[in-house]
Amino acid sequence: MAAVQGGLVDAVEEKDIKTEPSSDGTGNNNANDAGPPSASPGSSAPSAGSNKSAAGAPEDQQTLLAVLQFLRKNKLTESVDILRREAGLPEDSPDLKADDSSGAGSGAAAGSGDAEGGDASALLSRVTASSAAAAPPAPTKASGEDQPDVNVVLSAYSQQGDPKLYPVYYNGLKRFIESVLDCHRAELSQVFYPLFVHMYLELVYNNFESEAKAFFDKYTGDQECYYEDDLRILSSLSKREHMRGNETLLDFRTSKFVLRISRDSYQLLKRHLQERQNNQIWNIIQEHLYIDIFDGMPRSKSQIDAMSGSLAGEGKREANKAKVYYGLLKEPEIELPLDDEDEEAENEEGKPKKKKPKKDSMGSKNKKQDPHAPSQTRIPLPELKDSDKLDKIMYMKEATKRVRLGPDNLPSICFYSFLNAYQGLTAVDFTDDSSLIAGGFADSTVRVWSVTPKKLRKVKSAADLNLIDKESDDVLERIMDEKTASESKILYGHSGPVYGISFSPDRNYLLSSSEDGTVRLWSLQTFTCLVGYKGHNYPVWDTHFSPHGYYFISGGHDRVARLWATDHYQPLRMFSGHLADITCTRFHPNSNYVATGSSDRTIRLWDVLNGNCVRIFTGHKGPIHALAFSPNGKFLASGATDGRVLLWDIGNGMMFGELKGHTDSIYSLRFSRDGEILASGSMDNTVRLWDALKAFDDLETDDFTVATGHVHLQDNSQELLLGTYVSKSTPVIHLHFTRRNLLLAAGSYNP
Amino acid sequence: MADRDERRFAEVSRDSVKLMAESAGAELGDDVAALLAEDVCYRLREATQSSSQFMRHAKRRKLTVEDFNRALRWSNVEAVCGYGAQDALPFCPVKDGELFFIEDRDINLVELALATNIPKGCAEAMVRVNVSYLDGKGNLEPQGTVPTAVQSLSEDLLKYYQQITRAVLGEDPHLMKVALLDLQSNSKMAALLPYFVYVISGVKSVSHDLEQLNRLLHMVKSLVQNPYLYLGAYVRSLVSSVMYCILEPLAASINPLNDHWTLRDYAALLLSHIFWTHGDLVSGLYHQILLSLQKVLSDPVRPLCSHYGAVVGLHALGWKAVERVLFPHLPAYWANLQAVLDDDSVSNAQVKADGHKVYGAILVAVEHLLKMKAVSPPADGGSGAQPGSAGGAVGYRASSPGLSPPPEPLSEAALGIASHLQAGGAGCPWEEWTPVPLPAMYCELYSFFGDSLAVRFSTGPGFGSSPPGPPARRGDARKEPCGPASNPDTARKMPQLTANLNISPRQDGSPRTDPPPPSLAATGPARSLARCSSSSSSSSVQRSKSSVSRLGQRPAGPTRDVFPKARFTSPQTGLPVFSFLIGGRQMGRRCQGRRPFQTTFAPTPPLAAAPPRAYAHKLPVIGRVGKPVRRWAGSHYSLHLPL
């Protein structure tokens, strides 16, 4: 590639004079056209096809051929066709057609040729208009996205520049940015980090080890502190060979770093780079950065800081534009048995048939539909079983006894301490009715305890079950084997630490995800493993059951979140897009969406129906380890290793709150049943309670803010903090509100 | 580059790579080894980076070998076996050469297999629940102190409490011992702490019963020693109970037959124990203790047994406390004590006996102080080397204000109490306290105690073992012609007076020892000199005042013979210090003993252990009681410290 460009410079030099005016005349906003002169050869080469000199054509064509070959190899026939059509390459005789193409190009206006080139690259690589339309990088990008083939990806770094000049360039830009008006400085400073990284990588890739080192040492101090972790990884990388297989590096390469910059600031930067003819930096900006330009006031430093911090910059604004149906599904109407509760309950247990017509009649009574709620049948949900209805009734009964929480009425906290957990407690979950607690351990076991006096019993063996009178009223009781009653059960099956655990809403199943790459489904009737879901080939960090059962989501080291149905051994959906491990997964209360948090420090919301990513939340400065949806489905809270809790409005994709107070990683978050209180548990051995209602109320939703996506966070953590509760050397790794709003916390004593 | 690398990461050196290659039978070139080393470092960093992920997901703070192995396994590298143990592996250096290795002992499998004490395996993991916070209200302190909201005691705890208190305060000494032992080691009685503290605060109601007081003190000791208890603010309460036993004129002490002295000694030891181990729980505790001790000491109305308590308390708190509180107070206090001791009337017999107790306690304390000061870094060593001569004394005067840093308190610093000491507290009386150089201090103390003090130093092995006086003495004389040995009394005295000029009590001491007319005249000028110089230093104003008052009351004590003969004999013989004998010692020997003592401060080589001497017979007839000596000798306050 280096050769290609180097050669082109000479070749195109002459025709520059001719092409430049015409391409300028087209006046499209392709940045390249207005780019520095020495950058233009590469970009204008396709557009100036008509003027291709003899020396330039074959080399350019070779590149195209290589791309074609690659596409063909990957069976991207449509792309092959398109590229061939755009470049005018024939099926078999490229040389001959090359002349054709130049002929055709000469016929067409230079401007249209340029547009074509832009189209082609857009189709190939989905590069956006403002990015480079240069042919060579575009295909590599495409291949990079399809499959992170290191060599191809890295080849973009092959451009040779004088290593001595890198610091000069960087310094020049730094001086420029320091000299601009204050209002622009903060925005333009965002460029530093991605530039720094890419310049360093370029130096390393081109084997200028000591220069790279010097460059790194000189400017590493300028970078924002929240990039510290990435910088540490970067600094450990000093040889070209190391770049191979380095995941962080691949993240940088395969994704464009997204910056949001106001138009004014962008113009400033562009003008500066043009004046200085700083094509090295310009190239990087074009190839590796996505600059999301908006009209309006430049953002302030705090606004930028609130949103940045993720591995690949901020989310694009378009990414959060999709409509999200965050409303709750209509609850199936079940008649509440009023006075004679016990009788009624018994009745239902005994005669399930009686219930069905009732439910149907209720279903016909349609109440007003929440405009934000998805249609009831947007995704198929399992029919309610009778036992589910019973549980719903129980739930409603409990709900009537629920404590109203508020700043003046804080919940009581019960702490479940895991004693003698030498095996290393790694995950905890409670059932929704708080009757069972399960722990995942580092010794690969899953242990289930009954929190109530009711002991855990297995179902009798098949032979014994045959002897049971199936018509009897208490058949459900009879199938249980009294001999197996015990306070706890151990589930063996995994071959690695169990990192995620989740009860099914009906308490019949338990999911566990493990380092061994599998997710297992356990029956809580027989206490045996029912299914091992294999699909993730790497550790599965988390899994979560849908609140309606049947579906579940899992995510792990392979950066792909998978949606499963319990009766399918293969995933129904695969959500890919995160740039690093998926560390936590959570279902939306209406089961239509899932949220995933990742070590790339972003949170994504995915649509279960079509697999699209509908929200990207950036702003955390560390891997995200806890997510919680508010009970009304409108808000999302996230906690990360940076010790902060961020609050998000799902409807407009905005951050609206930042809760600072924890001093260590946050591992658990939970809203109270009515959503008034947010509880967060952390490695710093505390539970903190936050006034969620107040945080929601403070939410300002003027159209301008929503339109620009700018957040104005006021620092009111202290006002929102309702209480800090200390445990005794016990990190809080799980929180749960019972149906009556008693807060349960769990962790293992860790002296 | 290498430098930077080393600062940022751990590095595997080229030599290590070569060594490994050699052990695997391969020969590597330097450049190859260097490249390999660099790559190994990188891979290690990479593996560490990814292993931290496993740690995070296991919700731990500690990176384990297991985590690292997982990272290796996922990057298709063989895991490192054999390092899974929980306990830290000792990393040992080889004596010669910079080689380090991990101690890896062989395990005898046969022994292991045939072992009879098969480990039972660890307890089953279980979940226990407790209500931590009711309605969001609870203690903001960590558990261990009883949250007020959840203060209900369980049945078992109540029973335990009753049994323990009954056993401790009951008749059966064996039962008491068992109960105390349990208090010392029980890990589950945190909830009862306030109750026990309350029981202990009952000392005031049983001040007539020495036995009960003793038991309560033992209870304090057990609680303090219990490693599972977090005493928190209860330390204050415990300390005040203990202080009560130390300082108060207990009802039990009315009867002279009661050995309340021992109780006070024990309480003082306990106080120091509490203070050293839990002093950091309550800020300013040290100060408060010192203040209250000082208050008692400076209150002449208090009975002698209270004073005794204050002195032993100070002594137990360490020589620093003695230096700060007791030493400055000594001149003022001395007069009172003197008066008591001088009163030979029959009615005074009991009080006088008490006075002797106090005298002994003070003596022990100041001797310890002197020793510690001598052992501690001799900040004033330079000038201390020339103590005897007048010139040396002038040197003191000039330099003593500038001898700035008080010698670092040895033990205090180590225990982190130094901060209390230095914090001082604004307006505290010892804010302006400046350390008195050792020789000066010695001189002053000597003026009080005379040879009962000197004996202890002079009999150190350095002198005690050198048999006859004359030769050594001659040597001294040669070195310092104007030394006390060769000089007549005035010469000897002058340096003393001037050396300690801001310590006016010097005069009180000396005039008292003087038989009326002649020596008064001799010391008169010196006194006035001292007075005027003392007025220059603000700290001593008070002291000089008190000395004035004491001067006034001095004549009241007509019989002084009670006190060390040294006091009285010296002026009469004209060679005040040297002229008398104690225990058959010759004067010459005496002074020799002193002089080397003074000059040896600077190096203070702890001389080879000298045969412990029996002091008792050398003591002046009064004051010293065998008991305290023996008791202290048992502790680390031993008087036998060779100098």
# chains A, B, ... in the order shown; residues from 1 in each chain; ligands from 1
>>> closest_atom_pairs(of="chain A", to="chain B", cutoff="7 Å", atoms="only C-alpha atoms", output="CSV")
residue,atom,partner,partner_atom,distance
A:Ser236,CA,B:Tyr42,CA,6.5
A:Asn409,CA,B:Asp135,CA,6.6
A:Leu410,CA,B:Gly136,CA,4.7
A:Pro411,CA,B:Asp135,CA,4.9
A:Ser412,CA,B:Asp135,CA,4.2
A:Ile413,CA,B:Tyr133,CA,5.0
A:Cys414,CA,B:Val131,CA,4.3
A:Phe415,CA,B:Val129,CA,5.5
A:Tyr416,CA,B:Val129,CA,4.3
A:Ser417,CA,B:Arg128,CA,5.3
A:Phe418,CA,B:Val127,CA,4.5
A:Leu419,CA,B:Met126,CA,5.3
A:Asn420,CA,B:Ala125,CA,4.7
A:Ala421,CA,B:Ala125,CA,5.2
A:Thr426,CA,B:Ala58,CA,4.7
A:Tyr499,CA,B:His57,CA,6.5
A:Tyr725,CA,B:Leu140,CA,6.7
A:Val726,CA,B:Pro142,CA,6.3
A:Ser727,CA,B:Pro142,CA,6.7
A:Lys728,CA,B:Pro142,CA,6.0
>>> write_last_selection(atoms="N, CA, C and O atoms", output="short mmCIF file (atom, residue, chain, number, x, y, z; two decimals), in the first residue's frame")
data_model
loop_
_atom_site.label_atom_id
_atom_site.label_comp_id
_atom_site.auth_asym_id
_atom_site.auth_seq_id
_atom_site.Cartn_x
_atom_site.Cartn_y
_atom_site.Cartn_z
N SER A 236 2.48 -0.77 26.77
CA SER A 236 3.18 -2.03 26.86
C SER A 236 3.47 -2.58 25.47
O SER A 236 4.16 -3.58 25.31
N ASN A 409 -38.62 7.66 54.31
CA ASN A 409 -39.00 6.30 54.68
C ASN A 409 -38.09 5.32 53.95
O ASN A 409 -38.45 4.80 52.89
N LEU A 410 -36.94 5.14 54.48
CA LEU A 410 -35.95 4.31 53.80
C LEU A 410 -36.20 2.85 54.10
O LEU A 410 -36.77 2.51 55.13
N PRO A 411 -35.78 2.01 53.20
CA PRO A 411 -36.03 0.59 53.41
C PRO A 411 -35.13 0.01 54.49
O PRO A 411 -34.04 0.52 54.74
N SER A 412 -35.61 -1.03 55.13
CA SER A 412 -34.73 -1.81 56.00
C SER A 412 -33.87 -2.69 55.13
O SER A 412 -34.26 -3.07 54.03
N ILE A 413 -32.71 -2.99 55.61
CA ILE A 413 -31.79 -3.81 54.82
C ILE A 413 -31.46 -5.08 55.59
O ILE A 413 -31.11 -5.04 56.75
N CYS A 414 -31.62 -6.18 54.89
CA CYS A 414 -31.15 -7.44 55.46
C CYS A 414 -29.94 -7.87 54.67
O CYS A 414 -29.94 -7.81 53.44
N PHE A 415 -28.94 -8.29 55.37
CA PHE A 415 -27.74 -8.71 54.67
C PHE A 415 -27.60 -10.22 54.72
O PHE A 415 -27.60 -10.82 55.79
N TYR A 416 -27.50 -10.84 53.57
CA TYR A 416 -27.25 -12.27 53.49
C TYR A 416 -25.75 -12.48 53.33
O TYR A 416 -25.19 -12.18 52.28
N SER A 417 -25.13 -12.93 54.39
CA SER A 417 -23.68 -13.15 54.32
C SER A 417 -23.43 -14.60 53.96
O SER A 417 -24.01 -15.50 54.55
N PHE A 418 -22.56 -14.80 53.01
CA PHE A 418 -22.13 -16.16 52.69
C PHE A 418 -20.94 -16.48 53.56
O PHE A 418 -19.91 -15.82 53.47
N LEU A 419 -21.12 -17.45 54.42
CA LEU A 419 -20.03 -17.80 55.32
C LEU A 419 -19.29 -18.99 54.75
O LEU A 419 -19.84 -19.80 54.00
N ASN A 420 -18.05 -19.11 55.13
CA ASN A 420 -17.20 -20.21 54.68
C ASN A 420 -17.17 -20.32 53.17
O ASN A 420 -17.08 -21.40 52.63
N ALA A 421 -17.27 -19.20 52.50
CA ALA A 421 -17.29 -19.25 51.04
C ALA A 421 -15.85 -19.21 50.54
O ALA A 421 -15.45 -18.32 49.82
N THR A 426 -18.98 -15.74 43.42
CA THR A 426 -18.82 -14.89 42.25
C THR A 426 -20.13 -14.31 41.75
O THR A 426 -20.12 -13.33 41.02
N TYR A 499 -19.91 -17.22 36.69
CA TYR A 499 -19.86 -15.77 36.79
C TYR A 499 -21.23 -15.11 36.78
O TYR A 499 -21.38 -13.98 37.20
N TYR A 725 -24.71 2.70 53.85
CA TYR A 725 -24.80 1.64 54.86
C TYR A 725 -23.61 0.72 54.70
O TYR A 725 -23.36 0.20 53.63
N VAL A 726 -22.90 0.57 55.80
CA VAL A 726 -21.63 -0.12 55.74
C VAL A 726 -21.81 -1.56 56.19
O VAL A 726 -22.51 -1.83 57.16
N SER A 727 -21.20 -2.45 55.49
CA SER A 727 -21.19 -3.83 55.94
C SER A 727 -19.82 -4.09 56.54
O SER A 727 -18.92 -3.28 56.44
N LYS A 728 -19.69 -5.25 57.15
CA LYS A 728 -18.41 -5.53 57.82
C LYS A 728 -17.56 -6.34 56.85
O LYS A 728 -17.73 -7.54 56.71
#
>>> residues_around(residues="range 304-307 of chain A", least_positions_apart="3", cutoff="6 Å", atoms="only C-alpha atoms", output="PyMOL selection string")
chain A and resi 301+618-619
>>> residues_around(residues="Val732 in chain A", least_positions_apart="2", cutoff="10 Å", atoms="only C-alpha atoms", output="MDAnalysis selection string")
(chainID A and resid 415:417 666:668 680:687 726:727 729:730 734:735 745:749) or (chainID B and resid 59)
>>> select_by_dssp(residues="range 360-484 of chain A", states="strand (DSSP E)", output="JSON, numbers by chain")
{"A": [413, 414, 415, 416, 417, 418, 419, 425, 426, 427, 428, 429, 430, 436, 437, 438, 439, 440, 441, 446, 447, 448, 449, 450, 456, 457, 458, 459, 480, 481, 482, 483, 484]}
>>> residues_around(residues="range 250-260 of chain B", least_positions_apart="6", cutoff="7 Å", atoms="only C-alpha atoms", output="ChimeraX atom specification")
/B:207-210
>>> write_last_selection(atoms="all heavy atoms", output="tab-separated table (two decimals), in the first residue's frame")
chain	number	residue	atom	x	y	z
B	207	SER	N	-14.90	0.95	96.10
B	207	SER	CA	-13.55	1.41	96.39
B	207	SER	C	-13.09	0.96	97.77
B	207	SER	O	-11.95	1.15	98.14
B	207	SER	CB	-13.47	2.93	96.28
B	207	SER	OG	-14.03	3.51	97.42
B	208	HIS	N	-13.99	0.36	98.52
B	208	HIS	CA	-13.60	-0.14	99.83
B	208	HIS	C	-13.04	-1.55	99.73
B	208	HIS	O	-12.45	-2.05	100.66
B	208	HIS	CB	-14.82	-0.15	100.75
B	208	HIS	CG	-15.95	-0.96	100.18
B	208	HIS	ND1	-16.81	-0.45	99.23
B	208	HIS	CD2	-16.30	-2.24	100.39
B	208	HIS	CE1	-17.67	-1.41	98.90
B	208	HIS	NE2	-17.38	-2.48	99.58
B	209	ASP	N	-13.27	-2.18	98.59
B	209	ASP	CA	-12.95	-3.60	98.49
B	209	ASP	C	-11.82	-3.79	97.49
B	209	ASP	O	-12.01	-3.81	96.28
B	209	ASP	CB	-14.20	-4.37	98.04
B	209	ASP	CG	-13.99	-5.87	98.16
B	209	ASP	OD1	-12.81	-6.28	98.25
B	209	ASP	OD2	-14.99	-6.60	98.14
B	210	LEU	N	-10.64	-3.95	98.06
B	210	LEU	CA	-9.48	-4.09	97.18
B	210	LEU	C	-9.61	-5.29	96.26
B	210	LEU	O	-9.27	-5.23	95.08
B	210	LEU	CB	-8.22	-4.26	98.04
B	210	LEU	CG	-7.49	-2.98	98.41
B	210	LEU	CD1	-6.23	-3.34	99.17
B	210	LEU	CD2	-7.14	-2.20	97.16
>>> atom_distance(atom1="CA of Val258 in chain A", atom2="CA of Ile624 in chain A")
19.6 Å
>>> atom_distance(atom1="CA of Phe196 in chain A", atom2="CA of Pro167 in chain A")
9.8 Å
>>> residues_around(residues="range 378-393 of chain A", least_positions_apart="2", cutoff="7 Å", atoms="only C-alpha atoms", output="number ranges by chain")
A: 336, 352, 374-376, 395-397, 506, 548, 550, 592, 609
>>> write_last_selection(atoms="N, CA and C atoms", output="PDB file, in the first residue's frame")
ATOM      1  N   LEU A 336     -58.454 -10.628  41.271  1.00  0.00           N
ATOM      2  CA  LEU A 336     -57.886 -10.824  42.593  1.00  0.00           C
ATOM      3  C   LEU A 336     -58.918 -11.470  43.489  1.00  0.00           C
ATOM      4  N   PRO A 352     -57.790 -26.025  37.628  1.00  0.00           N
ATOM      5  CA  PRO A 352     -57.218 -25.014  36.750  1.00  0.00           C
ATOM      6  C   PRO A 352     -58.171 -24.603  35.624  1.00  0.00           C
ATOM      7  N   PRO A 374     -44.652  -1.404  23.539  1.00  0.00           N
ATOM      8  CA  PRO A 374     -44.717  -2.203  22.319  1.00  0.00           C
ATOM      9  C   PRO A 374     -46.024  -2.971  22.296  1.00  0.00           C
ATOM     10  N   SER A 375     -46.399  -3.377  21.128  1.00  0.00           N
ATOM     11  CA  SER A 375     -47.638  -4.141  21.059  1.00  0.00           C
ATOM     12  C   SER A 375     -47.417  -5.462  21.797  1.00  0.00           C
ATOM     13  N   GLN A 376     -48.530  -5.953  22.296  1.00  0.00           N
ATOM     14  CA  GLN A 376     -48.456  -7.128  23.159  1.00  0.00           C
ATOM     15  C   GLN A 376     -47.782  -8.307  22.446  1.00  0.00           C
ATOM     16  N   TYR A 395     -48.262 -11.974  44.017  1.00  0.00           N
ATOM     17  CA  TYR A 395     -47.523 -10.730  43.836  1.00  0.00           C
ATOM     18  C   TYR A 395     -48.400  -9.528  44.162  1.00  0.00           C
ATOM     19  N   MET A 396     -49.610  -9.585  43.651  1.00  0.00           N
ATOM     20  CA  MET A 396     -50.506  -8.447  43.885  1.00  0.00           C
ATOM     21  C   MET A 396     -50.866  -8.329  45.352  1.00  0.00           C
ATOM     22  N   LYS A 397     -51.028  -9.466  45.971  1.00  0.00           N
ATOM     23  CA  LYS A 397     -51.347  -9.421  47.393  1.00  0.00           C
ATOM     24  C   LYS A 397     -50.216  -8.793  48.173  1.00  0.00           C
ATOM     25  N   ASP A 506     -40.556 -17.995  37.102  1.00  0.00           N
ATOM     26  CA  ASP A 506     -41.485 -18.950  37.729  1.00  0.00           C
ATOM     27  C   ASP A 506     -40.790 -19.854  38.754  1.00  0.00           C
ATOM     28  N   HIS A 548     -40.408 -12.353  31.457  1.00  0.00           N
ATOM     29  CA  HIS A 548     -41.541 -13.196  31.099  1.00  0.00           C
ATOM     30  C   HIS A 548     -41.130 -14.650  30.920  1.00  0.00           C
ATOM     31  N   TYR A 550     -38.771 -17.859  29.477  1.00  0.00           N
ATOM     32  CA  TYR A 550     -38.549 -18.436  28.165  1.00  0.00           C
ATOM     33  C   TYR A 550     -37.278 -17.911  27.486  1.00  0.00           C
ATOM     34  N   ASN A 592     -38.808  -6.732  25.437  1.00  0.00           N
ATOM     35  CA  ASN A 592     -38.563  -6.438  24.033  1.00  0.00           C
ATOM     36  C   ASN A 592     -37.141  -5.942  23.780  1.00  0.00           C
ATOM     37  N   LEU A 609     -36.495  -7.906  18.786  1.00  0.00           N
ATOM     38  CA  LEU A 609     -37.250  -8.285  17.605  1.00  0.00           C
ATOM     39  C   LEU A 609     -36.345  -8.403  16.378  1.00  0.00           C
TER      40      LEU A 609
END
>>> residues_around(residues="range 218-220 of chain A", least_positions_apart="3", cutoff="8 Å", atoms="only C-alpha atoms", output="PyMOL selection string")
chain A and resi 196+214-215+223+231
>>> select_by_dssp(residues="range 140-276 of chain B", states="alpha helix (DSSP H)", output="PyMOL selection string")
chain B and resi 155-169+173-185+193-200+210-225+234-247+260-276
>>> atom_distance(atom1="CA of Leu263 in chain B", atom2="CA of Tyr195 in chain B")
23.4 Å
>>> closest_residue(among="A:Asn279, A:Asp162, A:Ser235, A:Arg740", to="Met394 in chain A", atoms="only C-alpha atoms")
A:Arg740
>>> closest_residue(among="A:Cys584, A:Ile616, A:Cys183, A:Leu713", to="Ser310 in chain A", atoms="only C-alpha atoms")
A:Ile616
